[in-house]
Amino acid sequence: MKRIKIGVQLHPQHTTWASFADAVRHAEALGCDTIWNWDHFFPLYGDPQGSHFEGWTVLTAMATLTTRVEIGCLVSCNSYRNPALLANMAKTVDHISGGRLIFGIGAGWFERDYEEYGYTFGTAPDRLRALKEALPIIKQRWEVEIPPPVRPIPILIGGGGEKVTLKLTAQHAQIWHGFGTPDVIRHKHAVLDSWCVELGRDPAEIERSVSPAKGESLEAYLEAGVTHFIYGLGEPWDFGPVEEALRWRDAQ
């Protein structure tokens, strides 16, 4: 069995930088394996005009606040940055962290970000086509960047679209991240596995992660093939569920 990992996604909204930084340090001290933020420009819940910080800038600081955990955006929105630039940003954060970056990416969905920052929202197929075009560019840039990344940067793709997103995961990713009950995740894994077989890739090469649904058993997710559990937290930071999951991990 693959090693079980416990991660935390700290929401960079309705908080101060000092409080967020303390939460990052605390998550590493607890023993988390991964720490994430997200890539948005406005709060996703609560006061829509509340405080918010930009994901990749915060991610750079997270690299300097930690020494052991892997870090990433869960997930970066492909539409917000030129893919070659994003590849360079990722390479840079990978160096700053000493090779601890996980490159999370998705097609994007939060319309307000697009509208207020002047990006074209378009349709979901438009955004998926853009992601399909960007992934090879990002990987090619990592091959020619000077200096190169510290390690082969693992790609995490988030999203459950069965015709495009899971196919892109089978083509490009080392980690797939999803949402839903264990039954939903089990079904998505079967679809992802079938894409891997069709494309000639070993499904075991792709780590499976999830944001656990409230009240669902971690054992049930484990039986469905999940080995990486990522808990979302906002201010005020309640690490209780994370601590419980860490105890469960260590008891396995």
# chains A, B, ... in the order shown; residues from 1 in each chain; ligands from 1

$ residues_around --residues "Tyr221 of chain A" --least-positions-apart "5" --cutoff "10 Å" --atoms "only C-alpha atoms" --output "compact mmCIF listing (two decimals) with C-alpha atoms, in the first residue's frame"
# COMPACT_ATOMS: atom_id res chain seq x y z
CA GLY A 180 -17.31 13.68 -3.31
CA THR A 181 -18.32 10.64 -1.33
CA PRO A 182 -16.26 7.44 -1.44
CA ASP A 183 -18.70 5.99 -3.98
CA VAL A 184 -18.27 9.02 -6.24
CA ILE A 185 -14.50 8.85 -5.93
CA ARG A 186 -14.48 5.11 -6.63
CA ARG A 208 -5.25 9.74 -5.68
CA SER A 209 -6.15 12.60 -3.33
CA VAL A 210 -9.44 13.91 -2.02
CA PRO A 212 -13.00 14.38 2.36
CA ALA A 213 -16.74 15.00 2.49
CA GLU A 216 -17.48 10.26 5.49
CA VAL A 226 -7.41 7.35 -1.94
CA THR A 227 -4.07 7.72 -0.14
CA HIS A 228 -3.85 11.54 0.18
CA PHE A 229 -6.43 13.41 2.29

$ closest_atom_pairs --of "segment 89-123 of chain A" --to "segment 128-139 of chain A" --cutoff "9 Å" --atoms "only C-alpha atoms" --output "tab-separated table"
residue	atom	partner	partner_atom	distance
A:Ile105	CA	A:Leu131	CA	8.6
A:Gly106	CA	A:Leu131	CA	7.2
A:Ala107	CA	A:Leu128	CA	5.5
A:Gly108	CA	A:Leu128	CA	8.5
A:Thr123	CA	A:Leu128	CA	8.7

$ closest_residue --among "A:Ile102, A:Leu86, A:Met62, A:Ile96" --to "Glu145 of chain A" --atoms "only C-alpha atoms"
A:Leu86

$ atom_distance --atom1 "atom CA of Gly104 of chain A" --atom2 "atom CA of Pro154 of chain A"
8.4 Å

$ decode --residues "segment 89-166 of chain A" --atoms "C-alpha atoms" --output "mmCIF file, in the first residue's frame"
data_model
loop_
_atom_site.group_PDB
_atom_site.id
_atom_site.type_symbol
_atom_site.label_atom_id
_atom_site.label_comp_id
_atom_site.auth_asym_id
_atom_site.auth_seq_id
_atom_site.Cartn_x
_atom_site.Cartn_y
_atom_site.Cartn_z
ATOM 1 C CA MET A 89 7.032 30.690 -11.563
ATOM 2 C CA ALA A 90 6.671 27.049 -10.569
ATOM 3 C CA LYS A 91 10.342 26.347 -11.251
ATOM 4 C CA THR A 92 11.286 29.322 -9.105
ATOM 5 C CA VAL A 93 9.105 28.271 -6.169
ATOM 6 C CA ASP A 94 10.463 24.741 -6.539
ATOM 7 C CA HIS A 95 13.977 26.145 -5.998
ATOM 8 C CA ILE A 96 12.916 28.397 -3.129
ATOM 9 C CA SER A 97 11.353 25.385 -1.392
ATOM 10 C CA GLY A 98 14.288 23.079 -2.045
ATOM 11 C CA GLY A 99 12.267 20.823 -4.357
ATOM 12 C CA ARG A 100 9.011 20.628 -2.401
ATOM 13 C CA LEU A 101 6.534 22.099 -4.909
ATOM 14 C CA ILE A 102 3.552 20.151 -6.198
ATOM 15 C CA PHE A 103 2.152 21.872 -9.275
ATOM 16 C CA GLY A 104 -1.629 21.874 -8.898
ATOM 17 C CA ILE A 105 -3.607 23.065 -11.909
ATOM 18 C CA GLY A 106 -7.167 23.129 -13.195
ATOM 19 C CA ALA A 107 -9.231 24.750 -15.930
ATOM 20 C CA GLY A 108 -10.784 27.473 -13.730
ATOM 21 C CA TRP A 109 -14.384 28.104 -12.749
ATOM 22 C CA PHE A 110 -14.862 31.195 -10.543
ATOM 23 C CA GLU A 111 -16.456 33.732 -12.878
ATOM 24 C CA ARG A 112 -15.929 36.760 -10.637
ATOM 25 C CA ASP A 113 -12.144 36.363 -10.851
ATOM 26 C CA TYR A 114 -12.349 36.492 -14.642
ATOM 27 C CA GLU A 115 -14.749 39.406 -14.845
ATOM 28 C CA GLU A 116 -13.030 41.728 -12.369
ATOM 29 C CA TYR A 117 -9.501 40.978 -13.601
ATOM 30 C CA GLY A 118 -10.332 41.252 -17.291
ATOM 31 C CA TYR A 119 -9.950 37.618 -18.328
ATOM 32 C CA THR A 120 -12.282 35.988 -20.836
ATOM 33 C CA PHE A 121 -14.484 33.526 -18.962
ATOM 34 C CA GLY A 122 -15.869 31.792 -22.042
ATOM 35 C CA THR A 123 -17.334 28.319 -21.699
ATOM 36 C CA ALA A 124 -16.185 25.266 -19.781
ATOM 37 C CA PRO A 125 -15.061 23.599 -23.043
ATOM 38 C CA ASP A 126 -13.067 26.750 -23.888
ATOM 39 C CA ARG A 127 -11.259 26.602 -20.561
ATOM 40 C CA LEU A 128 -10.607 22.873 -20.869
ATOM 41 C CA ARG A 129 -9.143 23.347 -24.360
ATOM 42 C CA ALA A 130 -6.855 26.024 -22.954
ATOM 43 C CA LEU A 131 -5.708 23.644 -20.209
ATOM 44 C CA LYS A 132 -5.078 20.911 -22.776
ATOM 45 C CA GLU A 133 -2.913 23.328 -24.777
ATOM 46 C CA ALA A 134 -1.062 24.661 -21.721
ATOM 47 C CA LEU A 135 0.093 21.408 -20.115
ATOM 48 C CA PRO A 136 2.564 20.403 -22.864
ATOM 49 C CA ILE A 137 3.956 23.950 -22.909
ATOM 50 C CA ILE A 138 4.500 23.891 -19.142
ATOM 51 C CA LYS A 139 6.249 20.524 -19.279
ATOM 52 C CA GLN A 140 8.405 21.604 -22.224
ATOM 53 C CA ARG A 141 9.472 24.784 -20.443
ATOM 54 C CA TRP A 142 10.638 22.749 -17.441
ATOM 55 C CA GLU A 143 12.882 20.812 -19.819
ATOM 56 C CA VAL A 144 14.653 23.964 -21.065
ATOM 57 C CA GLU A 145 14.512 26.313 -18.054
ATOM 58 C CA ILE A 146 17.866 27.413 -16.644
ATOM 59 C CA PRO A 147 18.327 26.381 -13.946
ATOM 60 C CA PRO A 148 16.008 23.393 -14.306
ATOM 61 C CA PRO A 149 13.616 22.442 -11.498
ATOM 62 C CA VAL A 150 15.222 20.851 -8.439
ATOM 63 C CA ARG A 151 13.230 17.676 -9.093
ATOM 64 C CA PRO A 152 10.742 16.510 -11.695
ATOM 65 C CA ILE A 153 7.847 18.647 -10.471
ATOM 66 C CA PRO A 154 4.777 16.486 -9.782
ATOM 67 C CA ILE A 155 1.625 17.688 -11.510
ATOM 68 C CA LEU A 156 -1.701 17.517 -9.684
ATOM 69 C CA ILE A 157 -4.840 17.996 -11.760
ATOM 70 C CA GLY A 158 -8.044 18.839 -9.958
ATOM 71 C CA GLY A 159 -11.509 18.194 -11.317
ATOM 72 C CA GLY A 160 -13.837 15.338 -12.095
ATOM 73 C CA GLY A 161 -14.812 15.823 -15.749
ATOM 74 C CA GLU A 162 -14.734 12.339 -17.208
ATOM 75 C CA LYS A 163 -14.280 13.106 -20.906
ATOM 76 C CA VAL A 164 -11.520 15.707 -20.723
ATOM 77 C CA THR A 165 -10.138 16.381 -17.216
ATOM 78 C CA LEU A 166 -9.555 12.746 -16.298
#
